[in-house]
Amino acid sequence: MRPEAGGAARAAIRATIFNHLAGIVVAPTTQALAGRGVFEMFGGPGDWVALDDVVTRTHGNRGYLRVALRLLASAGWLTQRVERNGRFVSYAMTDAGRAALPQAQALYGPAVAFLSKTLFLEDSLFGRQDGALLPSFADLVTSAAQRWGTTDEQLRGHLDGVLVGPVMVILARAGVLARLQQGPAPRSALGGNTAMLSCVFDLLATQRWVGRHGDTVSLTPEGGYAAQIAPSYGVTVSYIPMFTRLNALLFGNPRIPRVDESGIETMVDRGMNVWGSGGAHRTYFTKVDEIVIELFNRPVHLQPRGVCDMGCGDGTFLKHLYEVVRDRTGRGTMLDQHPLVMVGADFNTVARRVSKQTLRKAAVPQFHVINGDINRPAQLAGDLEKLGLDIHDFLHIRSFLDHNRPYVRLANYTSGTRRSRSTGAFAHMGEEVLPDEQEENLVRHLRRWAPYIGRFGLIALELHTLPPDLAAANLEKTPAVAYDGTHGFSDQYLIEVPIFLDCAREAGLHADPRFQSSFPPSELATVTLNFFTAGAGPDSDRIATERHAVIA
C-alpha cells in the first residue's frame, strides 16, 4: 500500500496548488499590463498611481483594469488604496512587487504563449496526435526541471501552474490518476501518446508527485494527495479560454461574444467547470444535508412540499437531495401519502435537458425542470403557478449562483448614496461597477427573493472575495487570488463575507445561526453556507412559532 502524506505535507501541497492556480490568472494579467507599460508608471516606494492615469495611458477598459490591478494587490505585488466611497482608487508597488515584477515580465512570456495551446493538450495526449505540441511542451518541462532559472518560489509556482493545472485536470478526467492511486502501473497501461505522456510525467516529477522506475510510473505520497484533490484545479483551468483573450478584454472590445452561434460558451469550458465544481463542493453539500434532514424530520404539516433549485445545472444536486429525504428523513417513510416535488430551474437550455435526464435516470417520481432566471423570482412564481404549484410551498436552494447573476443596472439610485465598505473590483462588459452600486444591487436582488422564501427558507452556498491585503498575507492558505481573476474578468461579483451578510440582513433575510458555516472557518473564508428565512411569506409567523415549539 502506498504511504499517505501527513498533515503538514498536505498543507504544503494545498499551498502549492493555490500558487499554481494563482499563476494561471496572474501570469497572463501581468504580461498584458506589462505590454502596455503599466509597470513603468510606478516610481519609488510610496509613489501612488491612480486608476484614472492607468486608463488614460493604456486606453483600456476601466472595469477590467480595476480587476487586474486589484488582482496584483491580492498577489502581494501592489497595494490598493480606495477613497471617496470607492470612486477613487490608486496603487503603489510593494517591495515584493519591486523584486518580482522585473523577473516575471522576463519569465512569463513562453508560458503565457503556451496557454492557448493547453486547450489542445488533451487531444495531443489522448486523441489525434500530430506531434505539433511536443517540442514547445518539452522545452517548458525542461525549464520547469531547471526551476525556471529563478529562486523566487512564488514565480516558480506561477510558471509551474500554467502547465501542471491543465495536466492534472486532463489526467484526472481521463482516469489516469485514479489508476495510479491503485498502485504503480506500466506507462503502456495508461494509454495515450507515449512521448507526450512521458513528458507529462517528467513535469509531475518536478513537483515530486510522480516516481519513475524504468517504464513503471507511481505516485509519491504527496502525489497521491494531489491526485485526490485534483478537481481543485478544474474551475480555474476551465477559464483558460478567457485568459487567452485577456488583451482584448482589457484593451480591445470588451463585448466580444460570450456564446458562439451554436450556444457554446467561449470564455469557459462549462463541462470542465461543472466537473471541478462538483469535486470541490462535496464538503459543502454535506452541510446542506444537515439542514434538509432537520426540515424533513419536522411534523409533516411543517415541511416543504418539495425542493426548488435555482440554477440546477445537470440536476445532480436535486437528485442527491431527493435521495437524502427519501433515505434519511421521516418524510421518506411517507412519500406515498406526501410526495416530494423536485423543481429544477435553469437559464441554460442544455442544463435543463441534462437535468431532466438525471432525474429520470434516478427514478425521481415527481419533478419539473423549467426555465429560470435568478433575477426574476416573480417569474418563477408565475411559472410554478401554471404547474399548479405555489412557490411558497418549497424549500429554495442555490449553490454559487448569487455572485453569478446577470448584472442589471440600478434604477432610481443616485450614485454614491450608500457608504460602501467593499474592497472589491466589479465590472460589467468592461465598464466599472462601483462598490456602493454593487452592494445596493445585491440588497435589491436579495430583497426580491424575500417574499417568496418566508415559509420554508432559502439555503444559499456562496463564494466570496477577501480584502487584498488579507489575501496577500496568506497566499499559502487561500485560493482567493485565482477567484479574483476568474470571476472578476467574467463579470461575476464576489463580495466579502461580512458585507454579504449585512446586505442579506438589510434585504430582510435572517441567517439561522445553527446552520451557518464558513470554509475555512476563519477570517480567510471564501465560501459560506446560510439558511435564510424571511418574515414576508404567507403563514410565516405561525410556522415559525410552531417550528420553535417543536425544536424546544
# chains A, B, ... in the order shown; residues from 1 in each chain; ligands from 1
>>> residues_around(residues="Leu389 in chain A", least_positions_apart="5", cutoff="12 Å", atoms="only C-alpha atoms", output="PyMOL selection string")
chain A and resi 304-308+341-343+367-368+380-384+394
>>> write_last_selection(atoms="N, CA and C atoms", output="PDB file, in the first residue's frame")
ATOM      1  N   PRO A 304     -41.754  21.482   3.811  1.00  0.00           N
ATOM      2  CA  PRO A 304     -41.985  21.946   2.436  1.00  0.00           C
ATOM      3  C   PRO A 304     -42.636  20.860   1.586  1.00  0.00           C
ATOM      4  N   ARG A 305     -43.338  21.286   0.561  1.00  0.00           N
ATOM      5  CA  ARG A 305     -43.886  20.323  -0.394  1.00  0.00           C
ATOM      6  C   ARG A 305     -42.770  19.699  -1.227  1.00  0.00           C
ATOM      7  N   GLY A 306     -41.727  20.455  -1.420  1.00  0.00           N
ATOM      8  CA  GLY A 306     -40.612  19.954  -2.222  1.00  0.00           C
ATOM      9  C   GLY A 306     -39.441  20.898  -2.163  1.00  0.00           C
ATOM     10  N   VAL A 307     -38.526  20.720  -3.115  1.00  0.00           N
ATOM     11  CA  VAL A 307     -37.284  21.499  -3.182  1.00  0.00           C
ATOM     12  C   VAL A 307     -37.199  22.146  -4.555  1.00  0.00           C
ATOM     13  N   CYS A 308     -36.868  23.427  -4.582  1.00  0.00           N
ATOM     14  CA  CYS A 308     -36.687  24.157  -5.845  1.00  0.00           C
ATOM     15  C   CYS A 308     -35.255  24.660  -5.920  1.00  0.00           C
ATOM     16  N   VAL A 341     -41.960  16.915  -4.362  1.00  0.00           N
ATOM     17  CA  VAL A 341     -41.868  17.505  -5.704  1.00  0.00           C
ATOM     18  C   VAL A 341     -40.525  18.212  -5.835  1.00  0.00           C
ATOM     19  N   MET A 342     -39.737  17.803  -6.806  1.00  0.00           N
ATOM     20  CA  MET A 342     -38.428  18.410  -7.039  1.00  0.00           C
ATOM     21  C   MET A 342     -38.521  19.303  -8.280  1.00  0.00           C
ATOM     22  N   VAL A 343     -38.091  20.554  -8.139  1.00  0.00           N
ATOM     23  CA  VAL A 343     -38.146  21.519  -9.239  1.00  0.00           C
ATOM     24  C   VAL A 343     -36.749  22.032  -9.527  1.00  0.00           C
ATOM     25  N   PHE A 367     -41.099  15.489 -10.667  1.00  0.00           N
ATOM     26  CA  PHE A 367     -40.158  16.599 -10.854  1.00  0.00           C
ATOM     27  C   PHE A 367     -40.585  17.443 -12.043  1.00  0.00           C
ATOM     28  N   HIS A 368     -40.137  18.684 -12.024  1.00  0.00           N
ATOM     29  CA  HIS A 368     -40.324  19.615 -13.132  1.00  0.00           C
ATOM     30  C   HIS A 368     -38.997  20.333 -13.352  1.00  0.00           C
ATOM     31  N   LEU A 380     -40.549  33.075 -11.711  1.00  0.00           N
ATOM     32  CA  LEU A 380     -40.546  31.692 -11.227  1.00  0.00           C
ATOM     33  C   LEU A 380     -41.864  31.373 -10.543  1.00  0.00           C
ATOM     34  N   ALA A 381     -42.365  32.296  -9.730  1.00  0.00           N
ATOM     35  CA  ALA A 381     -43.646  32.077  -9.056  1.00  0.00           C
ATOM     36  C   ALA A 381     -44.766  31.860 -10.067  1.00  0.00           C
ATOM     37  N   GLY A 382     -44.767  32.669 -11.131  1.00  0.00           N
ATOM     38  CA  GLY A 382     -45.801  32.519 -12.154  1.00  0.00           C
ATOM     39  C   GLY A 382     -45.691  31.212 -12.907  1.00  0.00           C
ATOM     40  N   ASP A 383     -44.474  30.808 -13.224  1.00  0.00           N
ATOM     41  CA  ASP A 383     -44.278  29.552 -13.952  1.00  0.00           C
ATOM     42  C   ASP A 383     -44.684  28.358 -13.097  1.00  0.00           C
ATOM     43  N   LEU A 384     -44.399  28.421 -11.796  1.00  0.00           N
ATOM     44  CA  LEU A 384     -44.820  27.335 -10.911  1.00  0.00           C
ATOM     45  C   LEU A 384     -46.342  27.299 -10.777  1.00  0.00           C
ATOM     46  N   PHE A 394     -42.154  25.662  -1.196  1.00  0.00           N
ATOM     47  CA  PHE A 394     -40.893  24.975  -1.464  1.00  0.00           C
ATOM     48  C   PHE A 394     -39.762  25.482  -0.582  1.00  0.00           C
TER      49      PHE A 394
END
>>> residues_around(residues="Val408 in chain A", least_positions_apart="2", cutoff="9 Å", atoms="only C-alpha atoms", output="list in words")
Asn375, Arg405, Pro406, Leu410, Ala411 and Asn441 of chain A
>>> write_last_selection(atoms="N, CA and C atoms", output="PDB file, in the first residue's frame")
ATOM      1  N   ASN A 375     -32.618  36.471 -11.341  1.00  0.00           N
ATOM      2  CA  ASN A 375     -33.032  37.856 -11.141  1.00  0.00           C
ATOM      3  C   ASN A 375     -34.550  38.029 -11.126  1.00  0.00           C
ATOM      4  N   ARG A 405     -25.114  36.196 -10.952  1.00  0.00           N
ATOM      5  CA  ARG A 405     -26.361  36.663 -11.563  1.00  0.00           C
ATOM      6  C   ARG A 405     -26.057  37.645 -12.691  1.00  0.00           C
ATOM      7  N   PRO A 406     -26.837  37.616 -13.765  1.00  0.00           N
ATOM      8  CA  PRO A 406     -26.652  38.630 -14.813  1.00  0.00           C
ATOM      9  C   PRO A 406     -26.837  40.024 -14.215  1.00  0.00           C
ATOM     10  N   LEU A 410     -28.876  49.553 -11.881  1.00  0.00           N
ATOM     11  CA  LEU A 410     -29.845  50.026 -10.907  1.00  0.00           C
ATOM     12  C   LEU A 410     -30.720  51.133 -11.486  1.00  0.00           C
ATOM     13  N   ALA A 411     -31.997  51.071 -11.174  1.00  0.00           N
ATOM     14  CA  ALA A 411     -32.924  52.157 -11.498  1.00  0.00           C
ATOM     15  C   ALA A 411     -33.195  52.945 -10.222  1.00  0.00           C
ATOM     16  N   ASN A 441     -27.077  46.829  -5.400  1.00  0.00           N
ATOM     17  CA  ASN A 441     -27.617  45.836  -6.328  1.00  0.00           C
ATOM     18  C   ASN A 441     -27.871  44.513  -5.615  1.00  0.00           C
TER      19      ASN A 441
END
>>> closest_residue(among="A:His487, A:Arg376, A:Arg326, A:Lys386", to="Arg447 in chain A", atoms="only C-alpha atoms")
A:Arg376
>>> select_by_dssp(residues="range 250-410 of chain A", states="strand (DSSP E or B)", output="list in words")
Val259, Glu265, Gly306, Val307, Cys308, Asp309, Met310, Val341, Met342, Val343, Gly344, Ala345, Asp346, Gln366, Phe367, His368, Val369, Ile370, Asn371, Phe394, Leu395, His396, Ile397, Arg398 and Ser399 of chain A
>>> select_by_dssp(residues="range 204-275 of chain A", states="helix (DSSP H, G or I)", output="number ranges by chain")
A: 204-206, 221-228, 230-238, 240-243, 246-251, 270-275
>>> write_last_selection(atoms="C-alpha atoms", output="CSV table (one decimal), in the first residue's frame")
chain,number,residue,atom,x,y,z
A,204,LEU,CA,4.9,15.9,-12.4
A,205,ALA,CA,8.3,14.5,-11.3
A,206,THR,CA,9.4,18.2,-10.9
A,221,PRO,CA,2.6,10.0,-1.1
A,222,GLU,CA,2.4,13.7,-1.9
A,223,GLY,CA,1.3,12.9,-5.5
A,224,GLY,CA,-1.4,10.6,-4.1
A,225,TYR,CA,-2.9,13.5,-2.2
A,226,ALA,CA,-2.5,15.9,-5.1
A,227,ALA,CA,-4.4,13.3,-7.3
A,228,GLN,CA,-7.1,13.1,-4.6
A,230,ALA,CA,-7.1,17.3,-8.5
A,231,PRO,CA,-10.6,18.6,-9.1
A,232,SER,CA,-9.4,21.7,-7.2
A,233,TYR,CA,-7.7,22.7,-10.5
A,234,GLY,CA,-10.9,22.3,-12.5
A,235,VAL,CA,-12.6,25.7,-12.1
A,236,THR,CA,-9.6,27.8,-12.7
A,237,VAL,CA,-8.4,25.8,-15.6
A,238,SER,CA,-11.8,25.9,-17.2
A,240,ILE,CA,-8.2,29.4,-19.7
A,241,PRO,CA,-10.1,30.2,-22.9
A,242,MET,CA,-10.9,33.6,-21.3
A,243,PHE,CA,-7.3,34.3,-20.3
A,246,LEU,CA,-7.4,38.8,-21.9
A,247,ASN,CA,-5.7,41.5,-24.0
A,248,ALA,CA,-9.0,42.0,-25.9
A,249,LEU,CA,-10.9,42.2,-22.6
A,250,LEU,CA,-8.5,44.8,-21.1
A,251,PHE,CA,-7.7,46.9,-24.2
A,270,ARG,CA,-18.5,24.6,-18.9
A,271,GLY,CA,-18.2,20.8,-18.7
A,272,MET,CA,-14.8,21.1,-17.0
A,273,ASN,CA,-16.1,23.8,-14.8
A,274,VAL,CA,-19.0,21.6,-13.6
A,275,TRP,CA,-16.6,18.7,-13.0
>>> atom_distance(atom1="CA of Arg173 in chain A", atom2="CA of Thr220 in chain A")
19.7 Å
>>> residues_around(residues="Pro365 in chain A", least_positions_apart="4", cutoff="12 Å", atoms="only C-alpha atoms", output="VMD selection string")
chain A and resid 306 319 322 to 323 326 335 to 336 338 to 343 356 359 to 361
>>> residues_around(residues="range 102-110 of chain A", least_positions_apart="3", cutoff="10 Å", atoms="only C-alpha atoms", output="VMD selection string")
chain A and resid 23 26 to 28 30 to 35 39 97 to 99 113 to 115 136 139 to 140 148 to 150 152 154 to 156 158 to 159 162
>>> write_last_selection(atoms="C-alpha atoms", output="PDB file, in the first residue's frame")
ATOM      1  CA  GLY A  23      -0.210  31.577 -11.752  1.00  0.00           C
ATOM      2  CA  VAL A  26      -1.561  36.288 -12.624  1.00  0.00           C
ATOM      3  CA  ALA A  27       0.836  35.375 -15.449  1.00  0.00           C
ATOM      4  CA  PRO A  28      -1.391  36.468 -18.371  1.00  0.00           C
ATOM      5  CA  THR A  30       0.967  40.626 -15.723  1.00  0.00           C
ATOM      6  CA  GLN A  31       2.002  40.133 -19.334  1.00  0.00           C
ATOM      7  CA  ALA A  32      -0.983  42.105 -20.610  1.00  0.00           C
ATOM      8  CA  LEU A  33      -0.319  45.039 -18.271  1.00  0.00           C
ATOM      9  CA  ALA A  34       3.414  44.981 -18.963  1.00  0.00           C
ATOM     10  CA  GLY A  35       2.738  45.106 -22.688  1.00  0.00           C
ATOM     11  CA  PHE A  39       4.539  48.995 -14.513  1.00  0.00           C
ATOM     12  CA  GLY A  97       6.354  43.566  -6.389  1.00  0.00           C
ATOM     13  CA  ARG A  98       9.525  45.544  -6.995  1.00  0.00           C
ATOM     14  CA  ALA A  99      11.530  42.328  -6.643  1.00  0.00           C
ATOM     15  CA  ALA A 113       2.295  31.946 -25.054  1.00  0.00           C
ATOM     16  CA  PHE A 114       1.681  28.244 -24.393  1.00  0.00           C
ATOM     17  CA  LEU A 115      -1.555  28.947 -22.519  1.00  0.00           C
ATOM     18  CA  SER A 136       7.198  23.505 -27.158  1.00  0.00           C
ATOM     19  CA  ASP A 139      11.002  22.870 -23.774  1.00  0.00           C
ATOM     20  CA  LEU A 140       8.780  24.212 -20.986  1.00  0.00           C
ATOM     21  CA  TRP A 148      12.732  28.343 -14.411  1.00  0.00           C
ATOM     22  CA  GLY A 149      16.063  29.958 -13.647  1.00  0.00           C
ATOM     23  CA  THR A 150      14.789  31.818 -10.586  1.00  0.00           C
ATOM     24  CA  ASP A 152      11.586  33.140  -6.359  1.00  0.00           C
ATOM     25  CA  GLN A 154       6.088  32.379  -5.987  1.00  0.00           C
ATOM     26  CA  LEU A 155       7.185  32.908  -9.591  1.00  0.00           C
ATOM     27  CA  ARG A 156       8.212  29.261  -9.939  1.00  0.00           C
ATOM     28  CA  HIS A 158       3.050  30.513 -11.115  1.00  0.00           C
ATOM     29  CA  LEU A 159       5.008  29.138 -14.063  1.00  0.00           C
ATOM     30  CA  VAL A 162       0.318  27.128 -16.224  1.00  0.00           C
TER      31      VAL A 162
END
>>> closest_atom_pairs(of="range 419-514 of chain A", to="range 57-75 of chain A", cutoff="7 Å", atoms="only C-alpha atoms", output="CSV")
residue,atom,partner,partner_atom,distance
A:Ala425,CA,A:Val67,CA,5.1
A:Phe426,CA,A:Gly63,CA,6.5
A:Ala427,CA,A:Gly63,CA,4.6
A:Gly430,CA,A:Gly63,CA,4.9
A:Glu431,CA,A:Gly63,CA,4.6
A:Glu432,CA,A:Gly63,CA,3.7
A:Val433,CA,A:Gly63,CA,6.9
A:Pro468,CA,A:Ser74,CA,4.1
A:Asp469,CA,A:Ser74,CA,6.3
A:Ala471,CA,A:Ser74,CA,5.3
A:Ala472,CA,A:Ser74,CA,4.9
A:Val481,CA,A:Ser74,CA,5.9
A:Asp484,CA,A:Leu71,CA,6.1
A:Gly485,CA,A:Leu71,CA,6.4
A:Gly488,CA,A:Val67,CA,5.8
A:Phe489,CA,A:Tyr64,CA,6.2
>>> residues_around(residues="Gly457 in chain A", least_positions_apart="5", cutoff="8 Å", atoms="only C-alpha atoms", output="list in words")
Leu395, His396, Phe531, Phe532, Thr533 and Ala534 of chain A
